[in-house]
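Undergrad: Supplied structure: final-v8.txt, compact mmCIF, C-alpha atoms.
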# COMPACT_ATOMS: atom_id res chain seq x y z
CA MET R 217 48.43 128.77 82.29
CA GLY R 218 52.13 129.31 81.61
CA ARG R 219 54.60 130.13 84.32
CA SER R 220 55.03 133.62 82.83
CA ARG R 221 51.40 134.24 83.78
CA ARG R 222 50.93 133.40 87.43
CA THR R 223 47.41 133.51 88.76
CA LEU R 224 46.34 135.81 91.57
CA PRO R 225 45.82 132.94 94.05
CA GLU R 226 49.39 131.80 93.38
CA GLU R 227 50.76 135.31 93.83
CA LEU R 228 48.80 135.89 97.02
CA LEU R 229 50.07 132.61 98.45
CA LEU R 230 53.67 133.40 97.53
CA LEU R 231 53.32 136.80 99.24
CA ALA R 232 52.07 135.08 102.39
CA LEU R 233 54.87 132.48 102.55
CA ASP R 234 57.46 133.30 105.17
CA PRO R 235 60.87 132.66 103.58
CA THR R 236 62.40 131.82 106.97
CA THR R 237 59.84 129.51 108.56
CA GLY R 238 58.17 128.12 105.44
CA THR R 239 54.73 128.79 106.97
CA THR R 240 51.99 131.07 105.69
CA ALA R 241 51.00 134.28 107.40
CA GLN R 242 47.34 134.79 108.37
CA PRO R 243 46.39 131.18 107.48
CA GLN R 244 42.64 131.36 108.21
CA SER R 245 41.98 134.66 106.45
CA LEU R 246 44.35 133.57 103.66
CA ASP R 247 41.97 130.72 102.85
CA LEU R 248 39.23 133.31 102.29
CA GLY R 249 41.61 135.42 100.25
CA LEU R 250 42.45 132.53 97.94
CA ALA R 251 38.76 131.95 97.23
CA GLY R 252 38.41 135.67 96.53
CA ALA R 253 41.52 135.69 94.34
CA GLN R 254 39.94 132.98 92.20
CA LEU R 255 36.97 135.26 91.56
CA VAL R 256 39.22 138.15 90.52
CA GLU R 257 41.28 135.90 88.25
CA LEU R 258 38.11 134.59 86.58
CA ALA R 259 36.92 138.18 86.11
CA LEU R 260 40.25 139.18 84.54
CA ALA R 261 39.85 136.20 82.20
CA GLY R 262 36.40 137.45 81.17
CA ARG R 263 34.53 134.45 82.64
CA ILE R 264 32.60 136.26 85.39
CA ALA R 265 31.55 139.84 86.09
CA PRO R 266 30.21 141.77 89.08
CA ASP R 267 26.45 142.29 89.24
CA GLY R 268 25.98 144.66 92.16
CA ASP R 269 27.31 142.75 95.15
CA ARG R 270 26.88 139.48 93.27
CA ILE R 271 28.99 137.49 90.83
CA ALA R 272 27.55 136.41 87.48
CA VAL R 273 29.02 133.93 85.01
CA VAL R 274 29.22 135.58 81.59
CA ALA R 275 31.38 133.05 79.69
CA PRO R 276 31.43 129.49 81.08
CA ARG R 277 34.15 128.17 78.76
CA PRO R 278 37.16 126.70 80.60
CA THR R 279 40.29 128.75 81.26
CA GLY R 280 42.66 125.78 81.11
CA ASP R 281 43.52 126.07 84.81
CA PRO R 282 41.91 123.08 86.59
CA THR R 283 41.43 124.80 89.95
CA LEU R 284 39.93 127.93 88.42
CA ASP R 285 37.73 125.86 86.13
CA CYS R 286 36.40 123.92 89.11
CA ALA R 287 35.39 127.21 90.74
CA LEU R 288 33.87 128.43 87.47
CA GLU R 289 31.80 125.27 87.11
CA LEU R 290 30.52 125.56 90.67
CA LEU R 291 29.49 129.16 89.98
CA ARG R 292 27.79 128.10 86.74
CA ARG R 293 25.79 125.43 88.55
CA ARG R 294 24.36 128.07 90.88
CA GLY R 295 22.34 129.35 87.93
CA ALA R 296 21.63 132.81 89.35
CA PRO R 297 24.34 135.28 90.36
CA VAL R 298 25.71 134.56 93.83
CA ARG R 299 26.72 137.09 96.46
CA ALA R 300 30.48 137.34 96.71
CA VAL R 301 30.33 137.16 100.50
CA HIS R 302 28.36 133.90 100.38
CA TRP R 303 30.75 132.35 97.87
CA ILE R 304 33.89 133.36 99.78
CA GLY R 305 32.38 132.33 103.12
CA GLY R 306 31.54 128.81 101.93
CA PRO R 307 33.63 125.75 102.82
CA ARG R 308 37.02 125.76 101.12
CA LEU R 309 38.56 122.57 102.48
CA GLY R 310 41.96 121.94 100.96
CA LEU R 311 42.15 125.07 98.78
CA ARG R 312 45.41 126.35 100.27
CA GLN R 313 46.96 122.88 100.12
CA THR R 314 45.80 122.53 96.51
CA TYR R 315 47.70 125.67 95.56
CA LEU R 316 50.77 124.74 97.61
CA SER R 317 50.89 121.35 95.87
CA HIS R 318 50.45 123.08 92.51
CA LEU R 319 53.34 125.46 93.23
CA GLU R 320 55.44 122.47 94.26
CA ARG R 321 54.70 120.65 90.99
CA CYS R 322 55.68 123.79 89.09
CA GLY R 323 58.98 123.92 90.95
CA MET R 324 58.20 127.24 92.65
CA VAL R 325 58.28 125.81 96.20
CA HIS R 326 59.53 122.61 97.77
CA ALA R 327 58.04 120.75 100.72
CA VAL R 328 60.08 120.20 103.90
CA ALA R 329 58.77 117.53 106.27
CA GLY R 330 59.05 118.05 110.01
CA GLN R 331 57.39 117.41 113.34
CA MET R 332 55.52 119.55 115.84
CA CYS R 333 56.41 118.87 119.49
CA GLY R 334 58.40 115.90 118.21
CA VAL R 335 55.22 113.97 117.43
CA LEU R 336 52.81 115.58 114.97
CA PRO R 337 53.98 115.54 111.35
CA THR R 338 54.12 118.93 109.66
CA THR R 339 55.04 120.22 106.23
CA ARG R 340 56.67 123.56 105.51
CA TYR R 341 57.09 125.07 102.05
CA GLN R 342 60.18 126.97 101.00
CA ALA R 343 60.31 129.08 97.85
CA THR R 344 62.78 127.64 95.35
CA ASP R 345 62.92 130.80 93.22
CA THR R 346 62.95 133.83 95.50
CA GLU R 347 63.22 136.08 92.44
CA ILE R 348 59.55 135.39 91.70
CA SER R 349 58.48 136.45 95.19
CA ARG R 350 60.68 139.54 94.96
CA GLU R 351 59.09 140.49 91.62
CA ILE R 352 55.59 140.20 93.09
CA ARG R 353 56.59 142.25 96.12
CA ALA R 354 58.30 144.85 93.91
CA ARG R 355 55.04 145.49 92.05
CA LEU R 356 53.28 146.29 95.32
CA ASP R 357 56.20 148.40 96.54
CA SER R 358 56.24 150.38 93.30
CA ALA R 359 52.50 151.09 93.47
CA ILE R 360 52.85 152.20 97.10
CA ARG R 361 55.99 154.28 96.56
CA THR R 362 55.16 156.05 93.30
CA GLY R 363 51.46 156.66 93.75
CA VAL R 364 50.93 155.83 90.07
CA PRO R 365 47.64 153.90 89.61
CA PRO R 366 48.62 150.23 89.28
CA ASP R 367 47.34 147.81 86.67
CA PRO R 368 44.14 145.92 87.65
CA ARG R 369 46.03 142.74 88.58
CA THR R 370 48.38 144.53 90.97
CA ALA R 371 45.53 146.62 92.40
CA ALA R 372 43.50 143.47 93.08
CA LEU R 373 46.51 141.77 94.67
CA ALA R 374 46.99 144.78 96.95
CA ALA R 375 43.30 144.77 97.88
CA LEU R 376 43.41 141.07 98.75
CA ALA R 377 46.68 141.39 100.66
CA HIS R 378 45.10 144.13 102.77
CA ALA R 379 41.85 142.19 103.23
CA VAL R 380 43.54 139.07 104.61
CA GLY R 381 45.83 141.06 106.91
CA LEU R 382 49.16 140.69 105.12
CA GLY R 383 49.98 144.36 105.59
CA LYS R 384 51.75 143.76 108.91
CA HIS R 385 53.56 140.78 107.41
CA LEU R 386 54.80 142.75 104.40
CA TYR R 387 55.34 146.13 106.10
CA PRO R 388 55.86 145.46 109.82
CA GLY R 389 56.28 147.83 112.73
CA ASN R 390 55.76 151.56 113.09
CA GLU R 391 58.05 152.21 110.12
CA GLY R 392 55.65 150.27 107.90
CA ARG R 393 52.52 152.12 109.02
CA SER R 394 52.39 154.53 106.07
CA SER R 395 53.00 151.68 103.61
CA ARG R 396 50.16 149.67 105.16
CA SER R 397 47.90 152.69 104.80
CA ARG R 398 48.80 153.14 101.13
CA LEU R 399 48.35 149.39 100.56
CA ARG R 400 44.80 149.74 101.87
CA ASP R 401 44.17 152.75 99.63
CA LEU R 402 45.09 150.77 96.48
CA ILE R 403 41.78 148.94 96.89
CA ARG R 404 40.02 151.72 94.99
CA HIS R 405 41.89 151.08 91.72
CA ASP R 406 40.10 147.85 90.78
CA PRO R 407 36.30 147.53 91.23
CA MET R 408 36.29 143.73 91.16
CA GLY R 409 39.22 143.50 93.55
CA GLY R 410 37.49 145.98 95.83
CA LEU R 411 34.23 144.04 95.80
CA VAL R 412 36.01 140.79 96.63
CA ALA R 413 38.25 142.36 99.27
CA HIS R 414 35.25 143.85 101.08
CA ALA R 415 33.53 140.46 100.91
CA VAL R 416 36.59 138.82 102.49
CA MET R 417 36.54 141.37 105.31
CA ASP R 418 32.77 140.96 105.77
CA VAL R 419 33.17 137.20 106.22
CA GLN R 420 35.95 137.74 108.77
CA ASN R 421 33.68 140.15 110.63
CA GLY R 422 30.96 137.49 110.73
CA ALA R 423 28.59 139.51 108.58
CA ALA R 424 26.75 138.60 105.39
CA ALA R 425 26.82 141.58 103.07
CA GLN R 426 23.42 143.13 102.43
CA PRO R 427 22.53 145.39 99.50
CA ARG R 428 24.17 148.68 100.39
CA ARG R 429 21.60 151.21 101.59
CA ASN R 430 21.61 154.65 103.21
CA PRO R 431 21.94 153.88 106.91
CA ALA R 432 19.74 156.11 109.08
CA PRO R 433 21.13 157.24 112.46
CA PRO R 434 18.86 156.58 115.47
CA GLY R 435 15.94 159.00 115.63
CA ARG R 436 16.42 160.62 112.24
CA GLN R 437 16.76 159.84 108.54
CA ALA R 438 20.21 159.60 107.02
CA ALA R 439 21.42 162.82 105.48
CA GLY R 440 21.57 161.23 102.04
CA GLY R 441 24.21 159.54 99.95
CA ALA R 442 24.97 155.85 99.80
CA ARG R 443 27.30 154.15 102.19
CA SER R 444 30.89 154.62 101.20
CA ALA R 445 32.14 151.78 99.03
CA ALA R 446 35.15 151.53 101.33
CA GLU R 447 32.95 150.76 104.36
CA PRO R 448 32.25 147.05 104.90
CA ALA R 449 28.55 146.23 105.03
CA ARG R 450 27.02 144.62 108.10
CA GLY R 451 24.30 142.00 108.09
CA VAL R 452 23.13 138.73 109.57
CA PRO R 453 25.68 136.34 111.11
CA MET R 454 27.42 133.91 108.81
CA GLN R 455 28.14 130.26 109.49
CA PRO R 456 31.65 129.88 111.00
CA HIS R 457 34.26 129.47 108.28
CA ARG R 458 35.47 125.88 108.04
CA GLY R 459 38.10 126.22 105.34
CA SER R 460 41.24 126.63 107.40
CA MET R 461 44.05 124.43 106.23
CA ALA R 462 46.54 125.02 109.03
CA ARG R 463 46.59 121.25 109.53
CA VAL R 464 46.66 120.54 105.77
CA PRO R 465 43.54 118.35 105.42
CA ALA R 466 42.87 116.43 102.24
CA HIS R 467 41.08 118.21 99.42
Can you present the structure in this file as structure tokens?
TA:
Amino acid sequence: MGRSRRTLPEELLLLALDPTTGTTAQPQSLDLGLAGAQLVELALAGRIAPDGDRIAVVAPRPTGDPTLDCALELLRRRGAPVRAVHWIGGPRLGLRQTYLSHLERCGMVHAVAGQMCGVLPTTRYQATDTEISREIRARLDSAIRTGVPPDPRTAALAALAHAVGLGKHLYPGNEGRSSRSRLRDLIRHDPMGGLVAHAVMDVQNGAAAQPRRNPAPPGRQAAGGARSAAEPARGVPMQPHRGSMARVPAH
């Protein structure tokens, strides 16, 4: 994909990069968000589609992006539609490093070697073109400030940013509280982004999403109406997520 068309995982990662420290905010939840962003990008490309709380492959032809095509092929091999929460909660070893290395090859970031405690080698990533990061941030700011429904890509980016906890990174302190609230509200403008964002939050909460039903309060039947789409489902415990790349393991 050309540089004029950045993918959602790339944009989410650039949003999370701290321009001062060269580290990523919310590293563990960001790994989940990148896996979710791949699903949204594949949906925008017409390769997959939501099927209830599951993801179905509708067009298995490659997109031309190697990392997205790898995810698409894994989904295709599943045969049947897979629950978004199960896909996002699976092992994602090296996914964040894969995207950082990709951004470095494209000249959008550069690696800075260092040491932790004077012994352990570390690598930080600094944006080489801050205009790109500012443009991505400006889209979110505009959607928050104007209240005009954003395009599906921006809505999905907002949903993922909220889901992985970037709100406090992007809009810190008490003065950013209203912006964080509006960022969360943008989740309703893209169904696929909303589905994926809720799946990301479900995995972080240690719950496998179940088919959404009418929950009945103790001692009486529920008063009717399905659970709000904005309320994360609760279910059986998930396996602990093993995809964190804070130590940059090999892919």
Undergrad: Any idea what the distance is between atom CA of Thr223 of chain R and atom CA of Gln254 of chain R?
TA: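 One can read the atom CA of Thr223 of chain R to atom CA of Gln254 of chain R distance as 8.2 Å.
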Undergrad: Taking all atoms listed in the file into account, name the residue in R:Ala379, R:Leu319, R:Ile271, R:Pro276 that is nearest to Asn421 of chain R.
TA: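 Smallest distance to Asn421 of chain R is found for R:Ala379.
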Undergrad: From the options R:Arg400, R:Arg270, R:His326, R:Arg221, which residue's atoms come nearest to Gly383 of chain R, counting all atoms listed in the file?
TA: R:Arg400
Undergrad: With distances taken over only C-alpha atoms, which of R:Gly381, R:Thr239, R:Arg299, R:Val364 is nearest to Ala329 of chain R?
TA: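 Comparing R:Gly381, R:Thr239, R:Arg299, R:Val364 against Ala329 of chain R, the winner is R:Thr239.
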Undergrad: With all atoms listed in the file as the basis for distance, which of R:Gly363, R:Pro368, R:Gly323, R:Pro225 is at the shortest distance from Thr344 of chain R?
TA: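 For Thr344 of chain R, the nearest of the given residues is R:Gly323.
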Undergrad: Separation of atom CA of Glu289 of chain R and atom CA of His405 of chain R, in Å?
TA: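 Atom CA of His405 of chain R lies 28.1 Å from atom CA of Glu289 of chain R.
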Undergrad: Nearest to Val301 of chain R among R:Ala251, R:Leu356, R:Leu373, R:Leu224, with distances taken over all atoms listed in the file: which residue is it?
TA: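 Closest candidate: R:Ala251.
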Undergrad: For atom CA of Val380 of chain R and atom CA of Pro266 of chain R, quote the distance in Å rounded to one decimal.
TA: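 For atom CA of Val380 of chain R relative to atom CA of Pro266 of chain R, the distance reads 20.6 Å.
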Undergrad: For each of R:Ala354, R:Val328, R:Val419, R:Leu411, take the minimum atom-to-atom distance to Thr237 of chain R, counting only C-alpha atoms, then give the residue where this is smallest.
TA: R:Val328
Undergrad: Counting only C-alpha atoms, which residues come within 8 Å of (51.2, 152.3, 99.8), with the point read in the file's coordinates, and could you list them as a PyMOL selection string?
TA: chain R and resi 356-357+359-361+363+394-402
Undergrad: Would you give me, as CSV, each residue of segment 337-416 of chain R having an atom within 7 Å of an atom of segment 230-235 of chain R, along with its shortest atom pair and that distance in Å to one decimal, using all atoms listed in the file and sorting by chain and residue number?
TA:
residue,atom,partner,partner_atom,distance
R:Gln342,CA,R:Pro235,CA,6.3
R:Ala343,CA,R:Pro235,CA,6.8
R:Ser349,CA,R:Leu230,CA,6.2
R:Leu382,CA,R:Ala232,CA,6.9
Undergrad: Save the residues we just selected, C-alpha atoms, as a PDB file, in the frame of the given file?
TA:
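That gives us out_23.pdb:
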ATOM      1  CA  GLN R 342      60.180 126.970 101.000  1.00  0.00           C
ATOM      2  CA  ALA R 343      60.310 129.080  97.850  1.00  0.00           C
ATOM      3  CA  SER R 349      58.480 136.450  95.190  1.00  0.00           C
ATOM      4  CA  LEU R 382      49.160 140.690 105.120  1.00  0.00           C
TER       5      LEU R 382
END
